[in-house]
file target_11.cif (mmCIF, C-alpha atoms)
data_run
#
loop_
_atom_site.label_atom_id
_atom_site.label_comp_id
_atom_site.auth_asym_id
_atom_site.auth_seq_id
_atom_site.Cartn_x
_atom_site.Cartn_y
_atom_site.Cartn_z
CA MET A 27 19.06 -13.15 -23.78
CA LEU A 28 15.43 -13.51 -24.84
CA HIS A 29 14.42 -12.05 -21.49
CA LEU A 30 16.65 -9.01 -21.95
CA VAL A 31 15.46 -8.39 -25.53
CA LEU A 32 11.79 -8.65 -24.56
CA PHE A 33 12.38 -6.43 -21.52
CA LEU A 34 14.11 -3.77 -23.60
CA VAL A 35 11.56 -3.81 -26.43
CA PHE A 36 8.54 -3.49 -24.18
CA GLY A 37 10.33 -1.13 -21.79
CA VAL A 38 11.05 1.22 -24.68
CA ILE A 39 7.42 0.98 -25.85
CA CYS A 40 6.32 1.69 -22.27
CA VAL A 41 8.45 4.80 -21.82
CA ALA A 42 7.62 6.01 -25.35
CA GLY A 43 3.92 5.74 -24.51
CA ALA A 44 4.47 7.65 -21.27
CA ILE A 45 6.36 10.44 -23.08
CA ASN A 46 3.67 10.53 -25.78
CA LEU A 47 1.10 10.96 -23.00
CA LEU A 48 2.94 14.12 -21.97
CA ALA A 49 3.46 15.39 -25.52
CA GLN A 50 -0.12 15.08 -26.72
CA THR A 51 -2.47 17.99 -26.11
CA HIS A 52 -5.77 16.23 -26.70
CA PRO A 53 -6.95 14.08 -23.75
CA ILE A 54 -8.11 11.24 -26.01
CA SER A 55 -4.60 10.87 -27.46
CA SER A 56 -3.20 10.86 -23.93
CA ALA A 57 -5.70 8.18 -22.89
CA LEU A 58 -4.76 5.97 -25.83
CA SER A 59 -1.03 6.30 -25.04
CA LEU A 60 -1.85 5.33 -21.46
CA VAL A 61 -3.44 2.13 -22.84
CA VAL A 62 -0.15 1.41 -24.66
CA VAL A 63 1.79 1.95 -21.42
CA MET A 64 -0.49 -0.39 -19.48
CA ALA A 65 -0.46 -3.14 -22.12
CA SER A 66 3.33 -3.15 -22.34
CA LEU A 67 3.53 -3.12 -18.53
CA ALA A 68 1.40 -6.27 -18.57
CA VAL A 69 4.10 -7.90 -20.74
CA GLU A 70 6.75 -6.81 -18.23
CA TYR A 71 4.73 -8.46 -15.46
CA LEU A 72 4.57 -11.62 -17.56
CA LEU A 73 8.35 -11.58 -17.95
CA LEU A 74 8.69 -11.45 -14.17
CA GLY A 75 6.32 -14.41 -13.90
CA ALA A 76 3.40 -12.48 -12.42
CA GLU A 77 0.83 -14.02 -14.75
CA PHE A 78 -2.28 -13.22 -12.72
CA VAL A 79 -1.14 -9.64 -12.15
CA ALA A 80 -0.62 -9.25 -15.90
CA VAL A 81 -4.12 -10.52 -16.68
CA VAL A 82 -5.67 -8.28 -14.02
CA GLN A 83 -3.66 -5.35 -15.34
CA VAL A 84 -5.13 -5.82 -18.82
CA ILE A 85 -8.68 -6.40 -17.57
CA VAL A 86 -8.87 -3.78 -14.83
CA TYR A 87 -6.49 -1.04 -15.96
CA ALA A 88 -6.42 -1.27 -19.74
CA GLY A 89 -10.06 -2.33 -19.76
CA ALA A 90 -12.22 -0.89 -17.01
CA VAL A 91 -10.27 2.16 -15.86
CA MET A 92 -9.44 3.37 -19.36
CA VAL A 93 -13.02 2.90 -20.53
CA LEU A 94 -14.06 5.10 -17.61
CA PHE A 95 -11.49 7.72 -18.65
CA VAL A 96 -12.52 7.73 -22.31
CA PHE A 97 -16.17 7.82 -21.26
CA VAL A 98 -15.63 10.91 -19.11
CA ILE A 99 -13.54 12.62 -21.82
CA MET A 100 -16.35 12.13 -24.33
CA LEU A 101 -19.04 13.03 -21.79
CA LEU A 102 -17.39 16.36 -20.96
CA ASN A 103 -16.41 16.97 -24.60
CA ALA A 104 -12.85 17.80 -23.55
CA GLY A 105 -10.87 19.66 -26.19
CA GLU A 106 -7.27 20.67 -26.67
CA GLU A 107 -5.60 22.00 -23.56
CA GLU A 108 -4.02 25.43 -23.65
CA ARG A 109 -0.60 26.29 -22.29
CA THR A 110 -0.60 28.79 -19.44
CA LYS A 111 1.95 30.67 -17.35
CA GLY A 112 1.76 28.10 -14.58
CA SER A 113 2.57 25.23 -16.91
CA ARG A 114 5.56 27.12 -18.34
CA VAL A 115 6.95 27.69 -14.83
CA ALA A 116 6.45 24.00 -14.07
CA MET A 117 8.17 23.08 -17.34
CA ILE A 118 11.22 25.25 -16.55
CA LEU A 119 11.58 24.32 -12.88
CA GLY A 120 9.94 20.92 -12.52
CA VAL A 121 11.22 18.98 -15.51
CA PRO A 122 14.96 19.49 -14.83
CA GLY A 123 14.39 18.76 -11.15
CA VAL A 124 12.54 15.53 -11.81
CA LEU A 125 15.09 14.47 -14.45
CA THR A 126 18.00 15.15 -12.06
CA GLY A 127 16.34 13.15 -9.31
CA GLY A 128 15.51 10.31 -11.69
CA LEU A 129 19.06 10.12 -13.05
CA LEU A 130 20.46 10.11 -9.50
CA VAL A 131 18.17 7.24 -8.55
CA ALA A 132 19.08 5.36 -11.74
CA TRP A 133 22.80 5.84 -11.09
CA ALA A 134 22.40 4.65 -7.49
CA LEU A 135 20.43 1.62 -8.62
CA LEU A 136 22.99 0.66 -11.25
CA LYS A 137 26.13 1.24 -9.17
CA ARG A 138 25.28 0.81 -5.52
CA SER A 139 22.25 -1.43 -5.17
CA GLY A 140 22.68 -4.93 -3.86
CA THR A 141 19.85 -6.29 -6.00
CA GLY A 142 20.60 -9.36 -8.06
CA SER A 143 19.19 -10.65 -11.32
CA VAL A 144 15.95 -12.42 -12.09
CA ALA A 145 15.40 -15.22 -14.57
CA LEU A 146 12.48 -15.34 -17.00
CA GLY A 147 9.36 -16.04 -14.93
CA SER A 148 11.35 -16.77 -11.79
CA LEU A 149 8.43 -16.30 -9.38
CA PRO A 150 5.23 -17.65 -10.95
CA GLY A 151 2.21 -15.90 -9.44
CA TYR A 152 -0.52 -18.42 -10.17
CA PRO A 153 -4.07 -17.52 -9.13
CA LYS A 154 -4.07 -20.39 -6.63
CA THR A 155 -1.00 -19.26 -4.72
CA ILE A 156 -2.02 -15.60 -4.90
CA GLY A 157 -5.48 -16.48 -3.61
CA ASN A 158 -4.05 -18.56 -0.76
CA LEU A 159 -1.94 -15.63 0.32
CA LEU A 160 -4.76 -13.12 -0.16
CA PHE A 161 -7.31 -15.04 1.90
CA HIS A 162 -4.97 -16.14 4.69
CA ASP A 163 -2.20 -13.66 5.36
CA PHE A 164 -3.91 -10.62 3.85
CA LEU A 165 -7.49 -11.28 4.94
CA LEU A 166 -7.85 -8.14 7.05
CA PRO A 167 -6.51 -5.76 4.35
CA PHE A 168 -8.78 -7.53 1.87
CA GLU A 169 -11.87 -6.86 3.99
CA VAL A 170 -10.83 -3.27 4.62
CA THR A 171 -10.39 -2.81 0.87
CA SER A 172 -13.89 -4.14 0.24
CA ILE A 173 -15.28 -1.47 2.58
CA LEU A 174 -13.18 1.12 0.75
CA VAL A 175 -14.67 0.05 -2.58
CA LEU A 176 -18.18 0.26 -1.12
CA ILE A 177 -17.50 3.80 0.11
CA ALA A 178 -16.03 4.70 -3.29
CA ILE A 179 -19.17 3.47 -5.07
CA MET A 180 -21.40 5.54 -2.82
CA GLY A 181 -19.11 8.55 -3.12
CA ALA A 182 -19.08 8.36 -6.92
CA VAL A 183 -22.88 8.14 -7.04
CA VAL A 184 -23.33 11.06 -4.64
CA LEU A 185 -20.72 13.27 -6.36
CA ALA A 186 -21.85 12.68 -9.93
CA ASN A 187 -25.50 13.15 -9.00
CA ARG A 188 -27.08 16.39 -10.18
CA PRO A 189 -28.26 18.49 -7.21
CA GLU A 190 -31.60 19.27 -8.84
CA ALA A 191 -32.14 15.62 -9.73
CA GLN A 192 -32.52 14.70 -6.07
CA ASN A 193 -35.99 16.25 -5.82
CA PRO A 194 -37.47 16.03 -9.30
CA PRO A 195 -40.73 17.87 -9.74
CA PRO A 196 -43.68 15.51 -10.10
CA GLY A 197 -44.63 14.47 -13.60
CA LYS A 198 -41.37 15.69 -15.12
CA GLU A 199 -38.33 13.63 -16.06
CA SER A 200 -35.05 15.32 -15.21
CA MET B 19 18.81 -13.02 -16.64
CA VAL B 20 17.93 -9.35 -16.30
CA PRO B 21 19.15 -7.31 -13.31
CA VAL B 22 16.35 -6.21 -11.01
CA SER B 23 17.75 -2.69 -11.14
CA TYR B 24 16.71 -2.44 -14.82
CA TYR B 25 13.11 -3.08 -13.81
CA LEU B 26 13.44 -0.53 -11.02
CA ILE B 27 14.84 2.04 -13.46
CA LEU B 28 11.89 1.44 -15.81
CA SER B 29 9.59 1.85 -12.84
CA GLY B 30 11.35 5.07 -11.86
CA ALA B 31 11.14 6.37 -15.43
CA LEU B 32 7.38 5.79 -15.48
CA PHE B 33 7.04 7.49 -12.09
CA ALA B 34 9.11 10.46 -13.30
CA CYS B 35 6.95 10.76 -16.43
CA GLY B 36 3.91 10.78 -14.15
CA VAL B 37 5.38 13.53 -11.96
CA ILE B 38 6.31 15.65 -15.00
CA GLY B 39 2.83 15.18 -16.45
CA PHE B 40 1.31 16.16 -13.12
CA LEU B 41 3.38 19.34 -13.15
CA ILE B 42 3.09 20.54 -16.75
CA LYS B 43 -0.39 19.42 -17.73
CA ARG B 44 -3.28 21.81 -17.28
CA ASN B 45 -6.17 19.55 -18.25
CA ILE B 46 -7.61 17.97 -15.12
CA ILE B 47 -8.27 14.64 -16.86
CA THR B 48 -4.68 14.39 -18.12
CA ILE B 49 -3.41 15.21 -14.62
CA PHE B 50 -5.51 12.31 -13.40
CA MET B 51 -3.95 10.03 -16.04
CA SER B 52 -0.49 11.08 -14.83
CA ILE B 53 -1.45 9.88 -11.35
CA GLU B 54 -2.41 6.51 -12.86
CA LEU B 55 1.00 6.44 -14.57
CA MET B 56 2.74 6.95 -11.22
CA LEU B 57 0.68 4.15 -9.65
CA ASN B 58 1.67 1.83 -12.52
CA GLY B 59 5.33 2.63 -11.98
CA VAL B 60 5.02 1.72 -8.30
CA ASN B 61 3.26 -1.52 -9.23
CA LEU B 62 6.17 -2.52 -11.44
CA ALA B 63 8.58 -1.90 -8.54
CA PHE B 64 6.41 -4.13 -6.31
CA VAL B 65 6.47 -7.01 -8.82
CA ALA B 66 10.22 -6.60 -9.42
CA PHE B 67 10.98 -6.79 -5.71
CA ALA B 68 8.66 -9.78 -5.36
CA ALA B 69 10.83 -11.57 -7.93
CA GLN B 70 14.00 -10.34 -6.24
CA TRP B 71 13.09 -11.73 -2.80
CA GLN B 72 11.13 -14.71 -4.16
CA HIS B 73 8.09 -13.79 -2.09
CA LEU B 74 4.56 -13.38 -3.42
CA SER B 75 3.52 -10.62 -0.97
CA GLY B 76 4.64 -8.00 -3.47
CA GLN B 77 2.29 -9.36 -6.12
CA VAL B 78 -0.59 -9.43 -3.62
CA PHE B 79 0.13 -5.80 -2.76
CA VAL B 80 -0.20 -4.92 -6.44
CA PHE B 81 -3.84 -6.02 -6.20
CA PHE B 82 -4.45 -3.69 -3.30
CA VAL B 83 -2.84 -0.83 -5.22
CA MET B 84 -5.04 -1.65 -8.22
CA VAL B 85 -8.21 -1.72 -6.13
CA VAL B 86 -7.36 1.58 -4.46
CA ALA B 87 -6.51 3.07 -7.88
CA ALA B 88 -9.82 1.89 -9.34
CA ALA B 89 -11.75 3.35 -6.40
CA GLU B 90 -9.76 6.57 -6.70
CA THR B 91 -10.53 6.74 -10.43
CA ALA B 92 -14.27 6.29 -9.86
CA VAL B 93 -14.42 9.00 -7.18
CA GLY B 94 -11.99 11.31 -8.97
CA LEU B 95 -13.84 11.21 -12.26
CA ALA B 96 -17.09 11.91 -10.39
CA ILE B 97 -15.37 14.94 -8.84
CA ILE B 98 -14.20 16.04 -12.30
CA ILE B 99 -17.79 15.80 -13.59
CA ALA B 100 -19.01 17.84 -10.60
CA VAL B 101 -16.29 20.47 -11.17
CA PHE B 102 -17.14 20.69 -14.86
CA ARG B 103 -20.83 21.19 -14.06
CA THR B 104 -20.15 24.19 -11.84
CA ARG B 105 -17.16 25.76 -13.66
CA GLU B 106 -17.73 24.76 -17.29
CA THR B 107 -13.98 24.28 -17.64
CA LEU B 108 -11.38 21.53 -17.28
CA ASN B 109 -8.40 23.88 -16.93
CA VAL B 110 -7.00 23.67 -13.40
CA ASP B 111 -5.73 27.26 -13.55
CA GLN B 112 -9.32 28.47 -13.74
CA VAL B 113 -10.38 26.32 -10.79
CA ASN B 114 -8.87 28.51 -8.09
CA LEU B 115 -11.82 29.26 -5.82
CA LEU B 116 -13.22 26.93 -3.22
CA LYS B 117 -16.70 28.35 -3.68
CA LEU B 118 -18.32 30.18 -6.58
#

call {"tool": "encode", "arguments": {"input": "target_11.cif", "output": "structure tokens"}}
result
Amino acid sequence: MLHLVLFLVFGVICVAGAINLLAQTHPISSALSLVVVMASLAVEYLLLGAEFVAVVQVIVYAGAVMVLFVFVIMLLNAGEEERTKGSRVAMILGVPGVLTGGLLVAWALLKRSGTGSVALGSLPGYPKTIGNLLFHDFLLPFEVTSILVLIAIMGAVVLANRPEAQNPPPGKES
Amino acid sequence: MVPVSYYLILSGALFACGVIGFLIKRNIITIFMSIELMLNGVNLAFVAFAAQWQHLSGQVFVFFVMVVAAAETAVGLAIIIAVFRTRETLNVDQVNLLKL
């Protein structure tokens, strides 16, 4: 019972944050609703027993990634977005299509899926067990991911670099 | 006890919100946030299925998704900064030429 109540409360907060992200026109408001979505998702992970995932979600997503987003929004001085013809076409065609597909999937999941029920914290994901799995069974993907992160760092530095800053004239700070 | 399908429906709802945001938003940063929303929905499905099958691989996969998402965010925001420098706009409708 407690599990269901907590799931429903934070699920509603989660979806409300996601809808608020779509409704807001200013990017900062959207970013803050995304923080709400990610924090309530962390609670959902906790309910499923994925403690380490929940902590990483708060630190990495709600912390690092969102700080990066807010930083870029303030750096570029992003203002209100304007509605255009393309967005109206997407609103008329896309939204009903996505809603129909989503309702179909929800109906199929409720009526036809063979998935059972989970108890509160039924599969505890402690850091020790996660680490054992990560460094034994998933060692190769882990190493490949580290190379990916390295490439991403270099790519971000190269892309965000000003072209004229590569060869600054002598005696002048750019 | 909560049915796993409830978690999957929540995950699908988040993914659908992400798709709708991707379609109707015109600010490139908000479109990027919608992609993050979709990735979060998928992560919830991974954790729910990990609990369903009582196997931790799903939770380990969430870490990979998070790392790829973080790398994607770093590169994507750098691209947004580069686009803003050349176009002076964040509206995707005005970014319709490969080369200025």

call {"tool": "atom_distance", "arguments": {"input": "target_11.cif", "atom1": "atom CA of Ala89 of chain B", "atom2": "atom CA of Gln112 of chain B"}}
result
26.3 Å

call {"tool": "interface_residues", "arguments": {"input": "target_11.cif", "of": "chain A", "to": "chain B", "cutoff": "6 Å", "atoms": "only C-alpha atoms", "output": "ChimeraX atom specification"}}
result
/A:30,48,107,113,116-117,121,132,135,142-145,149,175,178,182,185-186

call {"tool": "axis_aligned_box", "arguments": {"input": "target_11.cif", "around": "segment 125-128 of chain A", "padding_each_side": "6 Å", "output": "JSON"}}
result
{"center_x": 16.5, "center_y": 12.7, "center_z": -11.9, "size_x": 14.9, "size_y": 16.8, "size_z": 17.1}

call {"tool": "resolve_selection", "arguments": {"input": "target_11.cif", "expression": "the PyMOL selection byres ((chain A and resi 61) around 9)", "output": "list in words"}}
result
Gly43, Ser56, Ala57, Leu58, Ser59, Leu60, Val62, Val63, Met64, Ala65, Ser66, Tyr87, Ala88, Gly89 and Met92 of chain A

call {"tool": "atom_distance", "arguments": {"input": "target_11.cif", "atom1": "atom CA of Arg114 of chain A", "atom2": "atom CA of Leu118 of chain B"}}
result
26.8 Å

call {"tool": "resolve_selection", "arguments": {"input": "target_11.cif", "expression": "the PyMOL selection byres ((chain A and resi 68) around 9)", "output": "list in words"}}
result
Val63, Met64, Ala65, Ser66, Leu67, Val69, Glu70, Tyr71, Leu72, Leu73, Ala76, Glu77, Val79, Ala80, Val81, Val82, Gln83 and Val84 of chain A

call {"tool": "atom_distance", "arguments": {"input": "target_11.cif", "atom1": "atom CA of Leu130 of chain A", "atom2": "atom CA of Leu32 of chain A"}}
result
25.6 Å
